[in-house]
Structure formats: structure tokens, C-alpha cells
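Heads up, the thing below is written out as C-alpha cells.
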Amino acid sequence: MIALLRRDLALAVRAGGGFGLGLAFFLIVIVLVPLGVGPDATLLGAIAPGMLWVAALLAALLSLDRIFALDFEDGSLPLLATSPLPLEGVALAKGVAHWITTGLPLTIAAPALGFLLNLQPSAYVWLFASLALGTPALSMIGTFGAALTVGLRRGGLLMSLLVLPLYLPTLIFGAEAVRRGAEGLPAATPLLMLAGITLGAFALLPVAASAALRVNLR
Amino acid sequence: MDLEVRDLTVARGGAPVLSGVSFVVPQGQALVLRGPNGIGKTTLLRSLAGLQPALSGSVSFGAETSAYASHADGIKAQLTVVENLVFWADIYGATVPDTVYDAFDLRDLQARFAGTLSAGQKRRLGLARLGVIGRKVLFLDEPTVSLDGFSVKLFAKWLRGSHLAQGGIAVIATHIDLGLDAPELELTPFKSAPDATGGADEAFL
């Protein structure tokens with residue numbers, strides 16, 4: 001599993017690996033929002049939590065279809081499926097690799113970009129915490145969606161439609177935590193819900209993803 | 001442990017393609033599968049490797065001893081030859097034996113990115129994976145595609161000298177003569193009748 005994780009990370013940072021794709025998308029959206037909405041600082045501050053979370057979610061969605069598609073195309077996936085590594089482990093390693101290449105950079109970059117949206121100073125710590133807790137769930141749910149649609153040509157659209165409803169609880173609780181943080185309210189409850197979603201996703205979805213892979217590899 | 005296949009029926013797309021396939025491959029032996037395109041060689045190998053369930057019948061060999069090699073090599077273009085092999089060795093909890101580079105004529109290509117290799121060189125790298133992972137029972141689907149005569153001999157020599165000689169087993173689907181001196185199994189007699197189980201779908205396929 002560690003070997004697969006290491007390989008995926010090495011592939012991501014090499015030419016054409018797509019590392020930074022999500023981060024660049026996130027950056028572009030957040031830079032464009034103030035230009036589109038206008039320079040009203042109060043308005044920007046009010047929409048900042050939601051915009052940051054929506055942009056992070058879409059950035060994570062952007063690179064999902066690569067999770068299994070590349071391995072399927074070059075034939076690695078059947079070879080991995082017949083290797084001693086359980087498919088559940090393959091799915092887990094893929095989800096973790098996706099988070100390290102997408103969710104983690106987003107989490108680190110988000111506070112700097114919150115500044116562009118006039119995010120309340122009290123909300124920065126909550127923004128960081130909510131993304132750190134919530135983006136792993138986005139990666140793992142996305143891995144499940146990618147496993148469901150692997151082998152389909154142009155499966156990206158179908159996968160987005162499958163995955164988006166599953167992303168909603170993460171988005172709602174994540175943005176809520178930041179909003180409460182910005183308004184100085186206690187934000188522990190949405191954060192705990194977020195942590196629960198992430199833990200649940202990592203407990204259940206590797207099994208579901210491996211079942212989907214087994215069917216799709218037949 | 002020998003490879004024993006009894007009365008196996010395999011399906012592709014829900015329709016049985018081969019039925020009643022039975023054979024035994026003792027240790028140190030290879031079996032060459034023959035038959036025209038579409039007869040079900042790949043389907044049979046995928047079923048043996050456990051990638052798809054067989055409709056009926058049984059397959060037995062030692063647990064956790066098999067490996068599968070398909071038409072595609074599973075090589076990452078952005079990794080070097082060595083990195084590709086080390087990855088598969090790690091997955092199988094093995095180390096890359098230095099002899100494998102000579103056995104598959106990859107010594108001069110070690111530091112090259114796999115994306116820059118020719119089709120035949122990629123194929124040799126894909127086959128070298130088999131020498132790295134140390135599995136006893138190999139299911140090989142057209143292992144010699146895009147190999148030149150010299151590389152085919154190289155592969156046959158590795159298979160005979162390093163794999164079979166150490167008690168390994170290989171089931172190989174191929175259209176060319178590997179010079180292995182192995183028994184051949186013609187699959188045409190096992191072809192499923194069109195109205196066998198699942199035949200109701202036949203009109204829609």
C-alpha cells in the first residue's frame with residue numbers, strides 16, 4: 001500500500017501528472033470572484049466561507065476521474081487486482097494519494113486566499129480546520145465515484161453527477177463551520193460532523209470502491 | 001502444487017464461450033493454449049487469474065501463488081525502467097534480482113523513462129515484472145506480442161531456465177511457436193454451443 005501511495009505521488013509530481021491542477025483551479029476561482037462580485041468588502045466577507053468551500057469542492061472534483069482511469073488504460077489495474085495487495089487497500093491508497101495531491105495543498109493555500117475575499121480574521125483557523133477535516137472525505141467519496149465509473153469512456157460527467165450529492169453534507173458542514181467562526185459563534189458542532197463524515201467515508205468507502213472495481217474489471 | 005482445472009465454463013459478456021475445459025499442469029510444466037481469435041483464450045486466462053468468476057467448474061493451485069500478464073503491460077511512462085520494476089517488487093513484497101536486467105536485456109535501459117521505450121522494449125519490461133514478483137503460477141496472455149525473434153528466444157529461455165526449472169507453472173495463450181517443448185491445448189472443441197445457459201441473451205449480443 002505504501003508502495004502504491006509512493007508511486008502515485010511520484011507520478012503526480014512528474015510531467016503530466018496533474019499535481020497542482022486543483023490548486024491552480026482553486027486559485028483562479030478565488031481570484032476571479034472579487035472581480036466578478038465587485039469591491040464591496042462586507043459583501044465579499046459574507047460570501048467568503050461559502051465561496052472558499054465551493055471552490056475547494058470543485059477543485060477536488062476536477063482531478064477525480066484520473067484516480068483509476070490512468071491505471072485502467074495502461075493495464076495496471078487488473079495487475080494490481082491480481083496482486084497480493086487487497087483491492088480495498090488499493091482504493092484506500094488511491095484516496096489518500098488524491099488527498100495529498102489535491103486536498104492538502106488546498107487546505108494550506110486557503111487561508112492566504114481567504115485574505116482576497118476579506119474573510120473575517122476570526123475565521124481563518126476554522127477555515128483551515130474545516131478544510132483539513134473535510135477534504136479527506138471529498139477525496140475518499142471521489143475515489144468511490146471514480147471506481148464506479150472506471151472503464152467508461154467519458155465517464156467524468158456521470159461521475160460528477162454521482163459524486164456531487166454525496167459531497168453536499170461535507171460542503172454544508174464545512175461552510176457552516178467557517179461562517180460560524182467568522183461571526184464569532186461556537187463552531188465545534190459542524191466541525192465534529194465533518195470529522196464524522198470523513199471517518200465514516202474512510203471506514204466504509206474503500207470496501208464499496210473495491211466492490212465497484214471488481215465488477216468493472218470483469 | 002499442480003494446477004488443476006476441472007470442467008470449467010467461462011463466460012464473456014454473460015454468454016458462455018468455453019465449457020467443460022479440464023486440464024492438469026504439473027509443476028515445472030507449461031501449457032500452451034491454442035485456438036482462433038475470439039475462441040476465449042483471454043477469457044479463460046482472466047477466469048483462471050480470478051479477475052472474473054467462472055460459470056461453473058473448479059480451479060485449484062496453491063493460494064497466493066499466481067500472477068497474470070495481459071495484453072497491456074501496466075507500465076508507467078513517467079517512471080524509469082528500474083522504478084517500474086521496484087514498484088511491482090514492493091507490491092509483491094520482493095526485491096528486484098539483478099539478474100532480471102540481463103535476462104530481459106534491459107541492462108542498458110535501466111535509467112530510461114518507460115515512456116521513451118519502443119513497443120518491444122516496453123513488452124520486455126512488462127515481462128521482466130514476472131521475473132521480479134516471484135510467483136509460481138503464471139497466466140500469460142500473448143506474451144510475445146511486438147517482440148522480435150531475439151527477444152522471443154530470450155523470454156523462452158527465461159521461462160524454461162528460471163521459471164519452469166524451479167518448479168513454476170505457466171499457462172500461455174500464444175499464436176507463435178515459443179520453442180518451449182510444452183504440451184498444447186486446442187480450445188476449439190470446448191467452444192460453447194450457442195444455446196447453452198444464458199442463450200436467451202444471444203439475440204441481443
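In the C-alpha cells, the first chain shown is A, the next is B, and so on; residue numbers restart at 1 for each chain, and ligands run from 1 in the order shown.
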
Alpha helix (DSSP H) call set, DSSP backbone run, chain A, as an MDAnalysis selection string: chainID A and resid 2:13 21:37 41:62 66:73 76:81 87:98 104:116 124:149 156:182 188:217

Expected answer as a ChimeraX atom specification: chain A residues within 10 Å of chain B, only C-alpha atoms: /A:1-4,6-7,10-17,70-85,214-218

Next, dump the selected residues to file, keeping only N, CA and C atoms, as a compact mmCIF listing (two decimals), in the first residue's frame.
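Below you can see selection_31.txt, which holds the result:
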```txt
# COMPACT_ATOMS: atom_id res chain seq x y z
N MET A 1 0.82 -1.20 0.00
CA MET A 1 0.00 0.00 0.00
C MET A 1 0.85 1.25 0.00
N ILE A 2 1.91 1.22 0.84
CA ILE A 2 2.82 2.36 0.88
C ILE A 2 3.49 2.51 -0.49
N ALA A 3 3.83 1.36 -1.11
CA ALA A 3 4.49 1.41 -2.42
C ALA A 3 3.57 2.06 -3.44
N LEU A 4 2.29 1.70 -3.41
CA LEU A 4 1.34 2.28 -4.36
C LEU A 4 1.17 3.77 -4.11
N ARG A 6 3.39 5.76 -2.73
CA ARG A 6 4.62 6.43 -3.16
C ARG A 6 4.63 6.59 -4.68
N ARG A 7 4.22 5.52 -5.40
CA ARG A 7 4.24 5.59 -6.85
C ARG A 7 3.27 6.66 -7.34
N ALA A 10 4.72 10.03 -6.79
CA ALA A 10 5.81 10.29 -7.75
C ALA A 10 5.24 10.62 -9.12
N LEU A 11 4.21 9.88 -9.52
CA LEU A 11 3.59 10.13 -10.82
C LEU A 11 2.94 11.51 -10.85
N ALA A 12 2.36 11.91 -9.71
CA ALA A 12 1.63 13.18 -9.68
C ALA A 12 2.57 14.36 -9.87
N VAL A 13 3.77 14.27 -9.30
CA VAL A 13 4.66 15.44 -9.38
C VAL A 13 5.50 15.44 -10.65
N ARG A 14 5.48 14.33 -11.41
CA ARG A 14 6.26 14.33 -12.65
C ARG A 14 5.46 14.94 -13.79
N ALA A 15 6.12 15.08 -14.92
CA ALA A 15 5.49 15.75 -16.06
C ALA A 15 4.14 15.12 -16.39
N GLY A 16 3.12 15.96 -16.54
CA GLY A 16 1.81 15.46 -16.94
C GLY A 16 1.07 14.76 -15.84
N GLY A 17 1.55 14.86 -14.60
CA GLY A 17 0.92 14.15 -13.51
C GLY A 17 -0.33 14.82 -12.97
N LEU A 70 -6.25 6.25 -15.40
CA LEU A 70 -4.92 6.07 -15.97
C LEU A 70 -4.44 4.64 -15.78
N ASP A 71 -4.68 4.10 -14.58
CA ASP A 71 -4.25 2.72 -14.31
C ASP A 71 -5.07 1.72 -15.13
N PHE A 72 -6.31 2.09 -15.41
CA PHE A 72 -7.15 1.20 -16.23
C PHE A 72 -6.63 1.18 -17.66
N GLU A 73 -6.29 2.36 -18.18
CA GLU A 73 -5.86 2.44 -19.58
C GLU A 73 -4.57 1.68 -19.83
N ASP A 74 -3.59 1.81 -18.94
CA ASP A 74 -2.31 1.14 -19.21
C ASP A 74 -2.27 -0.29 -18.67
N GLY A 75 -3.39 -0.77 -18.15
CA GLY A 75 -3.44 -2.18 -17.75
C GLY A 75 -2.91 -2.45 -16.35
N SER A 76 -2.55 -1.41 -15.60
CA SER A 76 -2.03 -1.66 -14.24
C SER A 76 -3.12 -2.18 -13.32
N LEU A 77 -4.36 -1.75 -13.56
CA LEU A 77 -5.42 -2.06 -12.60
C LEU A 77 -5.70 -3.56 -12.49
N PRO A 78 -5.84 -4.29 -13.62
CA PRO A 78 -6.00 -5.75 -13.47
C PRO A 78 -4.79 -6.40 -12.81
N LEU A 79 -3.60 -5.85 -13.08
CA LEU A 79 -2.39 -6.43 -12.46
C LEU A 79 -2.39 -6.16 -10.96
N LEU A 80 -2.85 -4.96 -10.56
CA LEU A 80 -2.95 -4.67 -9.13
C LEU A 80 -4.02 -5.54 -8.49
N ALA A 81 -5.11 -5.78 -9.25
CA ALA A 81 -6.21 -6.57 -8.70
C ALA A 81 -5.79 -8.01 -8.45
N THR A 82 -4.84 -8.51 -9.26
CA THR A 82 -4.38 -9.89 -9.06
C THR A 82 -3.14 -9.95 -8.18
N SER A 83 -2.71 -8.82 -7.64
CA SER A 83 -1.53 -8.80 -6.78
C SER A 83 -1.94 -9.12 -5.34
N PRO A 84 -0.98 -9.35 -4.45
CA PRO A 84 -1.34 -9.67 -3.06
C PRO A 84 -1.99 -8.50 -2.33
N LEU A 85 -1.89 -7.29 -2.87
CA LEU A 85 -2.49 -6.13 -2.24
C LEU A 85 -4.01 -6.21 -2.39
N ARG A 214 -14.18 -4.48 -8.67
CA ARG A 214 -14.27 -5.89 -9.04
C ARG A 214 -15.29 -6.10 -10.14
N VAL A 215 -16.43 -5.42 -10.01
CA VAL A 215 -17.46 -5.56 -11.04
C VAL A 215 -16.97 -4.96 -12.36
N ASN A 216 -16.33 -3.80 -12.28
CA ASN A 216 -15.92 -3.13 -13.51
C ASN A 216 -14.76 -3.81 -14.21
N LEU A 217 -14.00 -4.63 -13.48
CA LEU A 217 -12.85 -5.29 -14.10
C LEU A 217 -13.24 -6.59 -14.80
N ARG A 218 -14.45 -7.07 -14.60
CA ARG A 218 -14.86 -8.33 -15.20
C ARG A 218 -14.79 -8.28 -16.72
```

Write out as a list in words all residues of region 65-197 of chain B that backbone DSSP assigns to strand (DSSP E or B).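 The residues of region 65-197 of chain B classed as strand (DSSP E or B) are Ser66, Ala67, Tyr68, Ala69, Thr80, Phe113, Val137, Leu138, Phe139, Leu140, Asp141, Ile169, Ala170, Val171, Ile172, Ala173, Glu184, Leu185, Glu186 and Lys191 of chain B.
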
Non-local contacts of region 95-102 of chain A (9 Å; only C-alpha atoms; under 3 positions in same chain excluded) as JSON, numbers by chain: {"A": [4, 5, 6, 8, 9, 12, 13, 18, 19, 20, 21, 22, 23, 59, 60, 63, 64, 67, 90, 91, 92, 105, 106, 107, 135, 136, 137, 138, 139, 140, 141, 142, 143, 144, 202, 206]}

May I have the selected residues written with N, CA and C atoms, as an mmCIF file, in the first residue's frame?
```cif
data_model
loop_
_atom_site.group_PDB
_atom_site.id
_atom_site.type_symbol
_atom_site.label_atom_id
_atom_site.label_comp_id
_atom_site.auth_asym_id
_atom_site.auth_seq_id
_atom_site.Cartn_x
_atom_site.Cartn_y
_atom_site.Cartn_z
ATOM 1 N N LEU A 4 2.291 1.703 -3.410
ATOM 2 C CA LEU A 4 1.343 2.278 -4.357
ATOM 3 C C LEU A 4 1.173 3.769 -4.107
ATOM 4 N N LEU A 5 1.108 4.134 -2.838
ATOM 5 C CA LEU A 5 0.981 5.554 -2.474
ATOM 6 C C LEU A 5 2.191 6.333 -2.973
ATOM 7 N N ARG A 6 3.385 5.758 -2.729
ATOM 8 C CA ARG A 6 4.617 6.429 -3.164
ATOM 9 C C ARG A 6 4.634 6.589 -4.678
ATOM 10 N N ASP A 8 2.073 6.698 -6.770
ATOM 11 C CA ASP A 8 1.088 7.679 -7.223
ATOM 12 C C ASP A 8 1.556 9.104 -6.961
ATOM 13 N N LEU A 9 2.228 9.311 -5.819
ATOM 14 C CA LEU A 9 2.734 10.650 -5.532
ATOM 15 C C LEU A 9 3.848 11.010 -6.498
ATOM 16 N N ALA A 12 2.358 11.910 -9.712
ATOM 17 C CA ALA A 12 1.630 13.176 -9.683
ATOM 18 C C ALA A 12 2.569 14.364 -9.870
ATOM 19 N N VAL A 13 3.772 14.271 -9.297
ATOM 20 C CA VAL A 13 4.658 15.436 -9.376
ATOM 21 C C VAL A 13 5.499 15.443 -10.653
ATOM 22 N N GLY A 18 -0.477 16.096 -13.243
ATOM 23 C CA GLY A 18 -1.686 16.779 -12.805
ATOM 24 C C GLY A 18 -1.612 17.324 -11.397
ATOM 25 N N PHE A 19 -0.430 17.268 -10.770
ATOM 26 C CA PHE A 19 -0.290 17.871 -9.448
ATOM 27 C C PHE A 19 -0.410 19.383 -9.612
ATOM 28 N N GLY A 20 -1.183 20.022 -8.761
ATOM 29 C CA GLY A 20 -1.326 21.468 -8.867
ATOM 30 C C GLY A 20 -2.492 21.890 -9.728
ATOM 31 N N LEU A 21 -3.090 20.945 -10.440
ATOM 32 C CA LEU A 21 -4.255 21.277 -11.269
ATOM 33 C C LEU A 21 -5.383 21.817 -10.397
ATOM 34 N N GLY A 22 -5.705 21.081 -9.331
ATOM 35 C CA GLY A 22 -6.768 21.501 -8.436
ATOM 36 C C GLY A 22 -6.427 22.815 -7.752
ATOM 37 N N LEU A 23 -5.157 22.926 -7.342
ATOM 38 C CA LEU A 23 -4.720 24.133 -6.649
ATOM 39 C C LEU A 23 -4.838 25.344 -7.559
ATOM 40 N N ALA A 59 -12.528 22.094 -7.074
ATOM 41 C CA ALA A 59 -11.130 21.795 -7.378
ATOM 42 C C ALA A 59 -10.826 20.321 -7.118
ATOM 43 N N ALA A 60 -11.410 19.787 -6.042
ATOM 44 C CA ALA A 60 -11.199 18.368 -5.742
ATOM 45 C C ALA A 60 -11.869 17.497 -6.798
ATOM 46 N N SER A 63 -10.003 16.585 -10.540
ATOM 47 C CA SER A 63 -8.994 15.575 -10.849
ATOM 48 C C SER A 63 -9.444 14.160 -10.491
ATOM 49 N N LEU A 64 -10.729 14.014 -10.145
ATOM 50 C CA LEU A 64 -11.175 12.699 -9.681
ATOM 51 C C LEU A 64 -11.080 11.620 -10.751
ATOM 52 N N ILE A 67 -8.165 9.197 -11.081
ATOM 53 C CA ILE A 67 -7.724 8.315 -9.992
ATOM 54 C C ILE A 67 -7.512 6.883 -10.488
ATOM 55 N N VAL A 90 -5.918 -0.891 -2.279
ATOM 56 C CA VAL A 90 -5.674 -0.086 -3.484
ATOM 57 C C VAL A 90 -6.545 1.163 -3.438
ATOM 58 N N ALA A 91 -7.854 0.982 -3.130
ATOM 59 C CA ALA A 91 -8.773 2.116 -3.096
ATOM 60 C C ALA A 91 -8.359 3.113 -2.020
ATOM 61 N N LEU A 92 -7.952 2.603 -0.859
ATOM 62 C CA LEU A 92 -7.551 3.494 0.230
ATOM 63 C C LEU A 92 -6.302 4.289 -0.158
ATOM 64 N N PRO A 105 -2.814 20.566 -0.465
ATOM 65 C CA PRO A 105 -2.423 21.892 -0.967
ATOM 66 C C PRO A 105 -3.543 22.921 -0.843
ATOM 67 N N LEU A 106 -4.791 22.495 -1.075
ATOM 68 C CA LEU A 106 -5.923 23.417 -0.944
ATOM 69 C C LEU A 106 -6.021 23.931 0.475
ATOM 70 N N THR A 107 -5.906 22.996 1.436
ATOM 71 C CA THR A 107 -6.023 23.365 2.843
ATOM 72 C C THR A 107 -4.958 24.389 3.224
ATOM 73 N N THR A 135 -11.684 17.861 3.511
ATOM 74 C CA THR A 135 -11.199 17.458 2.180
ATOM 75 C C THR A 135 -10.839 15.970 2.089
ATOM 76 N N PRO A 136 -10.376 15.296 3.175
ATOM 77 C CA PRO A 136 -10.164 13.845 3.023
ATOM 78 C C PRO A 136 -11.451 13.119 2.629
ATOM 79 N N ALA A 137 -12.602 13.579 3.169
ATOM 80 C CA ALA A 137 -13.873 12.951 2.796
ATOM 81 C C ALA A 137 -14.144 13.174 1.312
ATOM 82 N N LEU A 138 -13.832 14.391 0.807
ATOM 83 C CA LEU A 138 -14.043 14.657 -0.618
ATOM 84 C C LEU A 138 -13.232 13.686 -1.464
ATOM 85 N N SER A 139 -11.974 13.446 -1.075
ATOM 86 C CA SER A 139 -11.112 12.548 -1.857
ATOM 87 C C SER A 139 -11.626 11.117 -1.807
ATOM 88 N N MET A 140 -12.040 10.671 -0.628
ATOM 89 C CA MET A 140 -12.456 9.275 -0.497
ATOM 90 C C MET A 140 -13.787 9.025 -1.201
ATOM 91 N N ILE A 141 -14.738 9.966 -1.069
ATOM 92 C CA ILE A 141 -16.013 9.835 -1.785
ATOM 93 C C ILE A 141 -15.747 9.852 -3.283
ATOM 94 N N GLY A 142 -14.834 10.731 -3.705
ATOM 95 C CA GLY A 142 -14.494 10.807 -5.120
ATOM 96 C C GLY A 142 -13.854 9.527 -5.627
ATOM 97 N N THR A 143 -13.029 8.891 -4.787
ATOM 98 C CA THR A 143 -12.418 7.622 -5.179
ATOM 99 C C THR A 143 -13.484 6.573 -5.441
ATOM 100 N N PHE A 144 -14.512 6.575 -4.585
ATOM 101 C CA PHE A 144 -15.639 5.653 -4.771
ATOM 102 C C PHE A 144 -16.332 5.948 -6.097
ATOM 103 N N PHE A 202 -13.834 7.009 5.280
ATOM 104 C CA PHE A 202 -12.625 6.184 5.218
ATOM 105 C C PHE A 202 -12.873 4.767 5.739
ATOM 106 N N PRO A 206 -13.638 2.515 1.097
ATOM 107 C CA PRO A 206 -12.676 1.622 0.436
ATOM 108 C C PRO A 206 -13.289 0.270 0.092
#
```

Measure the distance from CA of Ala165 (chain B) to CA of Gly35 (chain B) in Å and round it to one decimal. 26.9 Å

Write out as a list in words the residues lying within 8 Å of region 25-32 of chain B, counting only C-alpha atoms and excluding same-chain residues fewer than 5 positions away.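 What passes the distance filter is Met1, Asp2, Leu3, Glu4, His163, Leu164, Ala165, Gln166, Gly167, Gly168, Ile169, Ala170, Val171, Ile172, Ala173, Thr174, Leu180, Ala182, Pro183, Glu184 and Leu185 of chain B.
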
Closest to Leu164 (chain A) among A:Gly145, A:Ala177, A:Asn118, A:Ala46, using only C-alpha atoms?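 Closest candidate: A:Gly145.
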
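Minimum atom-to-atom distance to Gly161 (chain B), evaluated using only C-alpha atoms, belongs to B:Ala103 out of B:Arg124, B:Gly62, B:Ala103, B:Ser192.
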